[in-house]
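**Student:** So here's entry.tsv, just TSV, C-alpha atoms:
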```tsv
chain	number	residue	atom	x	y	z
S	1	MET	CA	11.93	40.18	-25.35
S	2	THR	CA	10.77	36.60	-24.84
S	3	GLU	CA	9.81	35.81	-21.27
S	4	ILE	CA	11.54	32.73	-19.89
S	5	LEU	CA	9.18	30.66	-17.76
S	6	GLU	CA	10.67	28.85	-14.79
S	7	THR	CA	10.11	25.09	-14.77
S	8	PRO	CA	8.03	24.04	-11.74
S	9	LYS	CA	9.90	22.11	-9.06
S	10	LEU	CA	9.76	18.33	-9.18
S	11	ILE	CA	8.50	16.52	-6.08
S	12	THR	CA	8.84	12.76	-5.64
S	13	VAL	CA	6.12	11.16	-3.53
S	14	PHE	CA	6.77	7.58	-2.44
S	15	GLY	CA	3.45	5.83	-1.86
S	16	GLY	CA	1.65	8.58	-3.76
S	17	SER	CA	-0.96	6.23	-5.22
S	18	GLY	CA	-2.38	5.23	-1.83
S	19	PHE	CA	-5.14	6.67	0.34
S	20	VAL	CA	-3.08	9.51	1.85
S	21	GLY	CA	-0.91	9.78	-1.24
S	22	ARG	CA	-3.63	10.79	-3.66
S	23	HIS	CA	-4.62	13.68	-1.35
S	24	VAL	CA	-0.99	14.75	-1.09
S	25	VAL	CA	-0.64	14.63	-4.87
S	26	ARG	CA	-3.78	16.74	-5.27
S	27	ALA	CA	-2.52	19.34	-2.77
S	28	LEU	CA	0.85	19.56	-4.52
S	29	ALA	CA	-0.74	19.72	-7.99
S	30	LYS	CA	-2.87	22.67	-6.92
S	31	ARG	CA	0.35	24.47	-6.01
S	32	GLY	CA	1.74	23.91	-9.50
S	33	TYR	CA	4.47	21.40	-8.67
S	34	ARG	CA	5.45	18.61	-11.00
S	35	ILE	CA	4.91	15.32	-9.17
S	36	ARG	CA	6.60	11.98	-9.62
S	37	VAL	CA	4.46	9.30	-7.97
S	38	ALA	CA	6.81	6.49	-6.94
S	39	CYS	CA	4.97	3.21	-6.34
S	40	ARG	CA	5.43	-0.52	-6.80
S	41	ARG	CA	2.70	-0.82	-9.47
S	42	PRO	CA	2.61	2.34	-11.61
S	43	ASP	CA	0.33	0.52	-14.06
S	44	LEU	CA	-2.35	0.66	-11.35
S	45	ALA	CA	-1.74	4.32	-10.48
S	46	GLY	CA	-3.47	5.92	-13.45
S	47	HIS	CA	-6.11	7.36	-11.10
S	48	VAL	CA	-3.63	9.98	-9.81
S	49	GLN	CA	-3.02	11.62	-13.18
S	50	PRO	CA	-6.42	13.37	-13.44
S	51	LEU	CA	-5.57	15.15	-10.15
S	52	GLY	CA	-3.35	17.58	-12.08
S	53	ASN	CA	-2.76	19.03	-15.53
S	54	VAL	CA	-1.55	16.93	-18.45
S	55	GLY	CA	2.06	15.90	-17.84
S	56	GLN	CA	2.12	17.35	-14.33
S	57	ILE	CA	1.87	13.94	-12.61
S	58	GLN	CA	4.03	10.99	-13.62
S	59	PRO	CA	3.77	7.54	-11.97
S	60	VAL	CA	7.09	5.66	-11.87
S	61	GLN	CA	8.06	2.24	-10.59
S	62	ALA	CA	9.94	2.16	-7.31
S	63	ASN	CA	10.18	-0.12	-4.30
S	64	VAL	CA	11.71	1.14	-1.05
S	65	ARG	CA	13.22	-2.34	-0.60
S	66	VAL	CA	15.19	-1.92	-3.84
S	67	ARG	CA	17.74	0.85	-3.43
S	68	TRP	CA	18.52	1.52	-7.09
S	69	SER	CA	14.83	2.11	-7.83
S	70	VAL	CA	14.68	4.63	-4.97
S	71	ASP	CA	17.68	6.54	-6.34
S	72	ARG	CA	16.14	6.61	-9.81
S	73	ALA	CA	12.82	7.92	-8.50
S	74	VAL	CA	14.51	10.74	-6.57
S	75	GLU	CA	16.76	11.86	-9.41
S	76	GLY	CA	16.16	15.53	-10.23
S	77	ALA	CA	13.69	16.09	-7.38
S	78	SER	CA	13.73	19.22	-5.21
S	79	HIS	CA	11.80	17.56	-2.37
S	80	VAL	CA	10.91	13.99	-1.42
S	81	VAL	CA	7.87	12.80	0.51
S	82	ASN	CA	7.83	9.30	2.00
S	83	LEU	CA	4.38	7.89	2.78
S	84	VAL	CA	5.24	4.20	2.47
S	85	ALA	CA	4.02	1.98	5.32
S	86	ILE	CA	2.32	-1.35	5.91
S	87	LEU	CA	-0.28	-2.26	8.55
S	88	HIS	CA	0.54	-5.96	8.55
S	89	GLU	CA	3.35	-8.14	7.29
S	90	GLY	CA	3.08	-10.45	4.30
S	91	GLY	CA	5.53	-12.03	1.87
S	92	ARG	CA	8.56	-9.79	1.46
S	93	GLN	CA	6.77	-6.86	3.03
S	94	ARG	CA	8.12	-6.90	6.58
S	95	PHE	CA	7.95	-4.11	9.14
S	96	PRO	CA	11.74	-3.66	9.56
S	97	THR	CA	12.32	-3.76	5.81
S	98	VAL	CA	9.65	-1.22	4.89
S	99	HIS	CA	9.59	1.08	7.91
S	100	GLU	CA	13.30	1.20	8.74
S	101	PHE	CA	15.38	0.05	5.76
S	102	GLY	CA	13.00	1.74	3.32
S	103	ALA	CA	12.92	4.99	5.29
S	104	ARG	CA	16.72	5.09	5.42
S	105	ALA	CA	17.00	4.34	1.70
S	106	VAL	CA	14.67	7.23	0.82
S	107	ALA	CA	16.51	9.56	3.21
S	108	GLU	CA	19.92	8.64	1.79
S	109	ALA	CA	18.67	9.14	-1.75
S	110	ALA	CA	17.23	12.56	-0.84
S	111	ARG	CA	20.50	13.57	0.85
S	112	ALA	CA	22.54	12.51	-2.17
S	113	GLN	CA	20.26	14.57	-4.41
S	114	GLY	CA	20.33	17.58	-2.09
S	115	ALA	CA	16.54	17.43	-1.83
S	116	GLY	CA	14.32	18.31	1.10
S	117	LEU	CA	12.55	15.47	2.89
S	118	THR	CA	9.18	14.95	4.56
S	119	HIS	CA	8.66	11.62	6.29
S	120	VAL	CA	5.26	10.42	7.53
S	121	SER	CA	5.37	8.15	10.56
S	122	ALA	CA	2.53	7.47	13.03
S	123	LEU	CA	1.41	8.43	16.51
S	124	GLY	CA	2.44	5.69	18.90
S	125	ALA	CA	5.84	5.21	17.31
S	126	SER	CA	8.10	4.16	20.17
S	127	ALA	CA	11.25	2.11	20.60
S	128	SER	CA	9.78	0.63	23.79
S	129	SER	CA	6.38	-0.36	22.36
S	130	SER	CA	5.18	-3.96	22.54
S	131	SER	CA	4.07	-3.55	18.91
S	132	LEU	CA	6.64	-4.29	16.20
S	133	TYR	CA	4.81	-1.83	13.94
S	134	ALA	CA	5.37	0.98	16.45
S	135	ARG	CA	8.99	0.01	17.14
S	136	THR	CA	9.94	-0.06	13.47
S	137	LYS	CA	8.14	3.23	12.89
S	138	ALA	CA	10.33	4.76	15.61
S	139	ALA	CA	13.42	3.17	14.06
S	140	GLY	CA	12.45	4.69	10.72
S	141	GLU	CA	12.20	8.13	12.29
S	142	ARG	CA	15.67	7.78	13.78
S	143	ALA	CA	17.09	6.65	10.45
S	144	VAL	CA	15.55	9.64	8.69
S	145	LEU	CA	16.73	12.28	11.17
S	146	ASP	CA	20.19	10.71	11.45
S	147	THR	CA	20.52	10.89	7.66
S	148	VAL	CA	18.74	14.20	6.99
S	149	PRO	CA	18.72	16.19	10.26
S	150	GLU	CA	16.60	18.97	8.73
S	151	ALA	CA	13.84	16.58	7.61
S	152	VAL	CA	10.22	17.16	8.64
S	153	VAL	CA	8.63	14.17	10.37
S	154	TYR	CA	4.87	13.88	10.90
S	155	ARG	CA	3.10	11.51	13.28
S	156	PRO	CA	-0.63	11.51	12.44
S	157	SER	CA	-3.25	9.77	14.57
S	158	ILE	CA	-5.75	7.50	12.83
S	159	ILE	CA	-6.52	9.12	9.47
S	160	PHE	CA	-10.09	9.37	8.19
S	161	GLY	CA	-11.57	10.44	4.88
S	162	PRO	CA	-13.00	8.91	1.68
S	163	GLU	CA	-11.65	5.37	1.19
S	164	ASP	CA	-10.13	5.20	4.68
S	165	ALA	CA	-9.55	1.77	6.20
S	166	PHE	CA	-11.13	2.54	9.57
S	167	TYR	CA	-14.59	4.07	9.41
S	168	ASN	CA	-15.35	2.48	6.03
S	169	ARG	CA	-14.44	-0.97	7.34
S	170	PHE	CA	-16.72	-0.79	10.36
S	171	ALA	CA	-19.52	0.94	8.43
S	172	ASN	CA	-19.45	-1.88	5.91
S	173	MET	CA	-19.43	-4.43	8.72
S	174	ALA	CA	-22.49	-2.74	10.22
S	175	ARG	CA	-24.43	-3.42	7.00
S	176	PHE	CA	-24.34	-7.16	7.62
S	177	SER	CA	-23.52	-7.81	11.29
S	178	PRO	CA	-25.94	-7.21	14.19
S	179	PHE	CA	-23.02	-6.26	16.43
S	180	LEU	CA	-19.60	-4.60	16.30
S	181	PRO	CA	-16.65	-5.69	18.46
S	182	LEU	CA	-15.01	-3.26	20.86
S	183	ILE	CA	-11.47	-4.55	21.25
S	184	GLY	CA	-10.31	-4.24	24.83
S	185	GLY	CA	-13.68	-2.81	25.79
S	186	GLY	CA	-13.38	0.12	23.37
S	187	THR	CA	-11.50	2.36	25.81
S	188	THR	CA	-8.48	3.07	23.59
S	189	ARG	CA	-8.38	6.77	22.78
S	190	PHE	CA	-7.86	8.17	19.28
S	191	GLN	CA	-7.59	11.67	17.87
S	192	PRO	CA	-8.93	11.09	14.33
S	193	VAL	CA	-7.34	13.41	11.79
S	194	TYR	CA	-8.77	14.31	8.38
S	195	VAL	CA	-6.68	13.17	5.44
S	196	GLY	CA	-7.02	16.54	3.74
S	197	ASP	CA	-5.44	18.25	6.74
S	198	VAL	CA	-2.53	15.80	6.75
S	199	ALA	CA	-2.03	16.41	3.03
S	200	GLU	CA	-2.03	20.17	3.57
S	201	ALA	CA	0.57	19.82	6.34
S	202	ILE	CA	2.78	17.81	3.98
S	203	ALA	CA	2.32	20.32	1.17
S	204	ARG	CA	3.34	23.18	3.47
S	205	SER	CA	6.52	21.33	4.38
S	206	VAL	CA	7.27	20.99	0.66
S	207	ASP	CA	6.68	24.74	0.34
S	208	GLY	CA	9.40	25.26	2.94
S	209	ALA	CA	6.95	26.76	5.43
S	210	VAL	CA	7.60	24.18	8.17
S	211	LYS	CA	10.63	24.13	10.45
S	212	GLY	CA	12.66	20.97	9.86
S	213	GLY	CA	14.45	18.72	12.30
S	214	SER	CA	11.33	18.17	14.39
S	215	ILE	CA	8.67	15.50	14.86
S	216	TYR	CA	5.17	16.98	14.61
S	217	GLU	CA	2.17	15.15	16.06
S	218	LEU	CA	-1.04	15.57	14.08
S	219	GLY	CA	-4.40	14.97	15.70
S	220	GLY	CA	-7.91	16.20	15.04
S	221	PRO	CA	-9.83	18.65	17.26
S	222	GLN	CA	-11.38	15.92	19.44
S	223	VAL	CA	-10.15	12.89	21.38
S	224	LYS	CA	-12.53	9.94	21.12
S	225	THR	CA	-12.53	6.44	22.52
S	226	PHE	CA	-12.93	3.48	20.18
S	227	ARG	CA	-16.50	3.15	21.48
S	228	GLU	CA	-17.26	6.80	20.77
S	229	CYS	CA	-15.87	6.44	17.25
S	230	MET	CA	-18.22	3.52	16.62
S	231	GLU	CA	-21.19	5.31	18.14
S	232	GLU	CA	-20.63	8.37	15.95
S	233	MET	CA	-20.19	6.23	12.84
S	234	LEU	CA	-23.44	4.34	13.55
S	235	GLU	CA	-25.29	7.62	14.04
S	236	VAL	CA	-24.01	8.92	10.69
S	237	ILE	CA	-25.11	5.79	8.80
S	238	ASP	CA	-28.37	5.63	10.77
S	239	ARG	CA	-27.99	2.04	11.95
S	240	ARG	CA	-28.41	0.52	15.38
S	241	ARG	CA	-25.94	-2.18	16.27
S	242	LEU	CA	-24.95	-3.86	19.51
S	243	LEU	CA	-21.46	-2.86	20.62
S	244	VAL	CA	-19.88	-5.92	22.23
S	245	SER	CA	-16.78	-5.63	24.41
S	246	LEU	CA	-14.04	-8.04	23.37
S	247	PRO	CA	-11.50	-8.69	26.17
S	248	TRP	CA	-7.84	-8.45	25.24
S	249	TRP	CA	-7.31	-12.20	25.56
S	250	ALA	CA	-10.24	-12.88	23.23
S	251	ALA	CA	-9.00	-10.27	20.75
S	252	GLU	CA	-5.54	-11.86	20.78
S	253	LEU	CA	-7.03	-15.30	20.16
S	254	GLN	CA	-9.17	-14.00	17.31
S	255	ALA	CA	-6.23	-12.09	15.84
S	256	SER	CA	-4.09	-15.24	15.90
S	257	LEU	CA	-6.61	-16.89	13.60
S	258	LEU	CA	-7.38	-13.89	11.40
S	259	GLY	CA	-3.68	-13.12	11.09
S	260	MET	CA	-3.21	-16.21	8.94
S	261	LEU	CA	-5.42	-14.75	6.18
S	262	PRO	CA	-3.75	-13.15	3.11
S	263	ASN	CA	-5.21	-9.73	3.99
S	264	PRO	CA	-5.98	-10.04	7.71
S	265	PRO	CA	-8.58	-7.67	9.21
S	266	LEU	CA	-6.83	-8.00	12.58
S	267	THR	CA	-3.39	-9.21	13.73
S	268	ARG	CA	-1.74	-9.83	17.09
S	269	ASP	CA	0.53	-6.85	16.51
S	270	GLN	CA	-2.46	-4.58	15.88
S	271	VAL	CA	-4.03	-5.75	19.14
S	272	GLU	CA	-0.81	-4.79	20.92
S	273	LEU	CA	-0.93	-1.39	19.24
S	274	LEU	CA	-4.51	-0.86	20.42
S	275	LYS	CA	-3.45	-1.30	24.05
S	276	GLY	CA	-2.00	2.21	23.98
S	277	ASP	CA	-3.77	5.52	23.30
S	278	ASN	CA	-3.23	7.19	19.94
S	279	VAL	CA	-3.36	10.88	20.85
S	280	VAL	CA	-1.11	13.93	20.62
S	281	SER	CA	1.27	14.08	23.58
S	282	GLN	CA	1.45	16.89	26.10
S	283	GLU	CA	5.10	17.38	25.12
S	284	ALA	CA	4.21	18.05	21.49
S	285	GLN	CA	1.52	20.50	22.53
S	286	SER	CA	3.80	22.42	24.88
S	287	ASP	CA	6.66	22.43	22.35
S	288	GLY	CA	4.44	23.72	19.54
S	289	ARG	CA	4.78	20.61	17.39
S	290	THR	CA	1.12	20.26	16.37
S	291	PHE	CA	-1.27	21.58	13.71
S	292	SER	CA	-1.34	24.96	15.46
S	293	ALA	CA	2.34	25.49	14.64
S	294	LEU	CA	1.54	24.81	10.99
S	295	GLY	CA	-1.32	27.31	10.86
S	296	ILE	CA	-3.89	24.60	10.16
S	297	GLN	CA	-7.27	24.28	11.90
S	298	PRO	CA	-8.09	20.55	11.60
S	299	GLU	CA	-11.54	19.39	10.51
S	300	SER	CA	-13.76	17.36	12.84
S	301	THR	CA	-15.25	13.94	12.18
S	302	ALA	CA	-18.70	15.50	12.55
S	303	ALA	CA	-18.03	17.74	9.55
S	304	ILE	CA	-16.48	15.11	7.28
S	305	LEU	CA	-17.94	11.64	8.02
S	306	PRO	CA	-21.42	12.43	6.57
S	307	THR	CA	-19.81	13.43	3.26
S	308	TYR	CA	-18.62	9.90	2.49
S	309	LEU	CA	-20.39	7.42	4.78
S	310	TRP	CA	-23.90	8.20	3.53
S	311	GLY	CA	-23.77	5.20	1.18
S	312	TYR	CA	-23.84	2.81	4.16
S	313	ARG	CA	-27.27	3.97	5.31
S	314	PRO	CA	-30.23	1.60	4.88
S	315	ALA	CA	-31.65	1.59	1.35
S	316	GLY	CA	-34.19	4.33	0.72
S	317	GLN	CA	-32.95	6.47	3.62
S	318	PHE	CA	-30.40	8.56	1.79
S	319	THR	CA	-29.84	10.60	-1.33
S	320	ARG	CA	-26.68	12.03	-2.78
S	321	MET	CA	-27.73	15.40	-1.42
S	322	ASP	CA	-26.61	14.08	1.98
S	323	SER	CA	-23.01	14.20	0.79
S	324	ALA	CA	-23.20	17.99	0.71
S	325	ALA	CA	-24.53	18.24	4.25
```
Take the structure I supplied and represent it as structure tokens, if you would.

**Tutor:**
Amino acid sequence: MTEILETPKLITVFGGSGFVGRHVVRALAKRGYRIRVACRRPDLAGHVQPLGNVGQIQPVQANVRVRWSVDRAVEGASHVVNLVAILHEGGRQRFPTVHEFGARAVAEAARAQGAGLTHVSALGASASSSSLYARTKAAGERAVLDTVPEAVVYRPSIIFGPEDAFYNRFANMARFSPFLPLIGGGTTRFQPVYVGDVAEAIARSVDGAVKGGSIYELGGPQVKTFRECMEEMLEVIDRRRLLVSLPWWAAELQASLLGMLPNPPLTRDQVELLKGDNVVSQEAQSDGRTFSALGIQPESTAAILPTYLWGYRPAGQFTRMDSAA
């Protein structure tokens, strides 16, 4: 008798070619899923295909602002993951359009398909925030849960790992600048979370191992101020730099100028976001809506940063063996 092999489930990952996305795709590929990577430029997403077996990963064109492309990308999927977000506005990429309209479009497409849904938001999402980024993130969460009440929503703190936009940016800055700015004095608190842990949390929700209809807050094992993050990063790359406090008014002025650049390193909205701490709330901890409820022990920055920041050390003071430390 010929054995009939069951076809692996198809998972659509919106934003799967990005920093977090490639780790999510890798985690899903290891589980044997077929993955459809929905992104605006699939011609630039070839790097995700080697993460799985031949034919297991398929990049497709989709834009969360264009509803028909969202429906097409979700067709036939058993579960949908939405990672799409922007850190600053530019051109047609606006916070309300991407974070709210886009989130609702993905949720409606998943509902129509009868697929499960995992939506990734961000710590600090709040309808009352002075930051438009945070307000539209909160609006996106509401749109998702209103449309798919059993959806899983994750709010990660600042995410670190290879190719991140936080530690890498400041480590690169430290190569050329004698000082690093501490916006608002560097007192804002973060709970840096490893990208691999976030990807594993998402993969477990796809497995059906996470209770839906809740907002989980994902933070690493330690809370650190902005200053402490910079001090640890400088220690890892073995460089001494002056940490200069930048008052809020000065940061806002600087952001007003930098915000006019095509790819601004700092915007007024980001300054507003930095005025609030980015840590897991007491409510989430008491309600069991953290990594502990998912059975995941998050990695620390001390364990991970040396594995990818070694290249920023002064010439002659590192070898590739450091990456295994």

**Student:** Hey, which of S:Tyr33, S:Phe226, S:Phe160, S:Phe170 ends up closest to Ile11 (chain S)? Count only C-alpha atoms.

**Tutor:**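 So, comparing all the options, the nearest one is S:Tyr33.
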
**Student:** Residues within 9 Å of Tyr308 (chain S), please, as number ranges by chain. Count all atoms listed in the file; anything in the same chain fewer than 5 positions from it doesn't count.

**Tutor:** S: 161-163, 168, 323

**Student:** I want to know what sits within 6 Å of region 220-223 of chain S, based on only C-alpha atoms, with residues of the same chain fewer than 4 positions away left out; could you give that as a ChimeraX atom specification?

**Tutor:** /S:190-193,298

**Student:** Skip Tyr167 (chain S) itself and residues of its chain fewer than 5 positions away, then list as a PyMOL selection string all residues within 9 Å of it, counting all atoms listed in the file.

**Tutor:** chain S and resi 160-161+172+229-230+233+305+309

**Student:** Looking at only C-alpha atoms, which of S:Leu10, S:Cys39, S:Val80, S:His88 is the one that sits closest to Asn263 (chain S)?

**Tutor:**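 Closest to Asn263 (chain S) of all the choices is S:His88.
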
**Student:** Could you list, as a list in words, every residue within 12 Å of Lys275 (chain S), counting all atoms listed in the file and ignoring same-chain residues fewer than 5 positions away?

**Tutor:**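 The residues that qualify are Gly124, Ser129, Ser130, Ser131, Ala134, Ile183, Gly184, Gly185, Gly186, Thr187, Thr188, Arg189, Phe190, Phe226, Pro247, Trp248, Trp249, Ala251, Glu252, Arg268, Asp269 and Gln270 of chain S.
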
**Student:** Kindly export the residues of the current selection with C-alpha atoms, as a compact mmCIF listing (two decimals), keeping the file's coordinate frame.

**Tutor:**
```txt
# COMPACT_ATOMS: atom_id res chain seq x y z
CA GLY S 124 2.44 5.69 18.90
CA SER S 129 6.38 -0.36 22.36
CA SER S 130 5.18 -3.96 22.54
CA SER S 131 4.07 -3.55 18.91
CA ALA S 134 5.37 0.98 16.45
CA ILE S 183 -11.47 -4.55 21.25
CA GLY S 184 -10.31 -4.24 24.83
CA GLY S 185 -13.68 -2.81 25.79
CA GLY S 186 -13.38 0.12 23.37
CA THR S 187 -11.50 2.36 25.81
CA THR S 188 -8.48 3.07 23.59
CA ARG S 189 -8.38 6.77 22.78
CA PHE S 190 -7.86 8.17 19.28
CA PHE S 226 -12.93 3.48 20.18
CA PRO S 247 -11.50 -8.69 26.17
CA TRP S 248 -7.84 -8.45 25.24
CA TRP S 249 -7.31 -12.20 25.56
CA ALA S 251 -9.00 -10.27 20.75
CA GLU S 252 -5.54 -11.86 20.78
CA ARG S 268 -1.74 -9.83 17.09
CA ASP S 269 0.53 -6.85 16.51
CA GLN S 270 -2.46 -4.58 15.88
```

**Student:** Taking all atoms listed in the file into account, which of S:Leu246, S:Ile296, S:Leu145, S:Val206 comes nearest Phe179 (chain S)?

**Tutor:** S:Leu246

**Student:** Excluding Thr147 (chain S) and its own-chain neighbours fewer than 2 positions away, which residues fall within 9 Å of it when counting all atoms listed in the file? Please give them as a list of chain:residue names.

**Tutor:** S:Arg104, S:Ala107, S:Glu108, S:Arg111, S:Arg142, S:Ala143, S:Val144, S:Leu145, S:Pro149, S:Ala151

**Student:** Using only C-alpha atoms, which of S:Arg241, S:Arg175, S:Arg36, S:Arg227 sits nearest Gly55 (chain S)?

**Tutor:**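 Counting only C-alpha atoms, the residue closest to Gly55 (chain S) is S:Arg36.
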
**Student:** Could you state the separation of CA of Pro306 (chain S) and CA of Gly276 (chain S) in Å, given to one decimal place?

**Tutor:**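 These atoms are spaced 28.0 Å apart.
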
**Student:** Nearest to Asp146 (chain S) among S:Asp277, S:Pro8, S:Arg31, S:Gly213, with distances taken over only C-alpha atoms: which residue is it?

**Tutor:**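 Smallest separation from Asp146 (chain S) among the options: S:Gly213.
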
**Student:** Would you give the centre and edge lengths, in Å to one decimal, of a box along x, y and z around the listed atoms of region 103-122 of chain S, with 4 Å added to each side, as lines of an AutoDock Vina configuration file?

**Tutor:**
```
center_x = 12.5
center_y = 11.3
center_z = 4.3
size_x = 28.0
size_y = 22.0
size_z = 25.4
```

**Student:** What is the distance, in Å and to one decimal place, between CA of Val64 (chain S) and CA of Gln113 (chain S)?

**Tutor:**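 These two atoms are separated by 16.3 Å.
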
**Student:** Can you tell me how far CA of Ala209 (chain S) sits from CA of Leu28 (chain S), in Å to one decimal?

**Tutor:**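 Between these atoms lies a distance of 13.7 Å.
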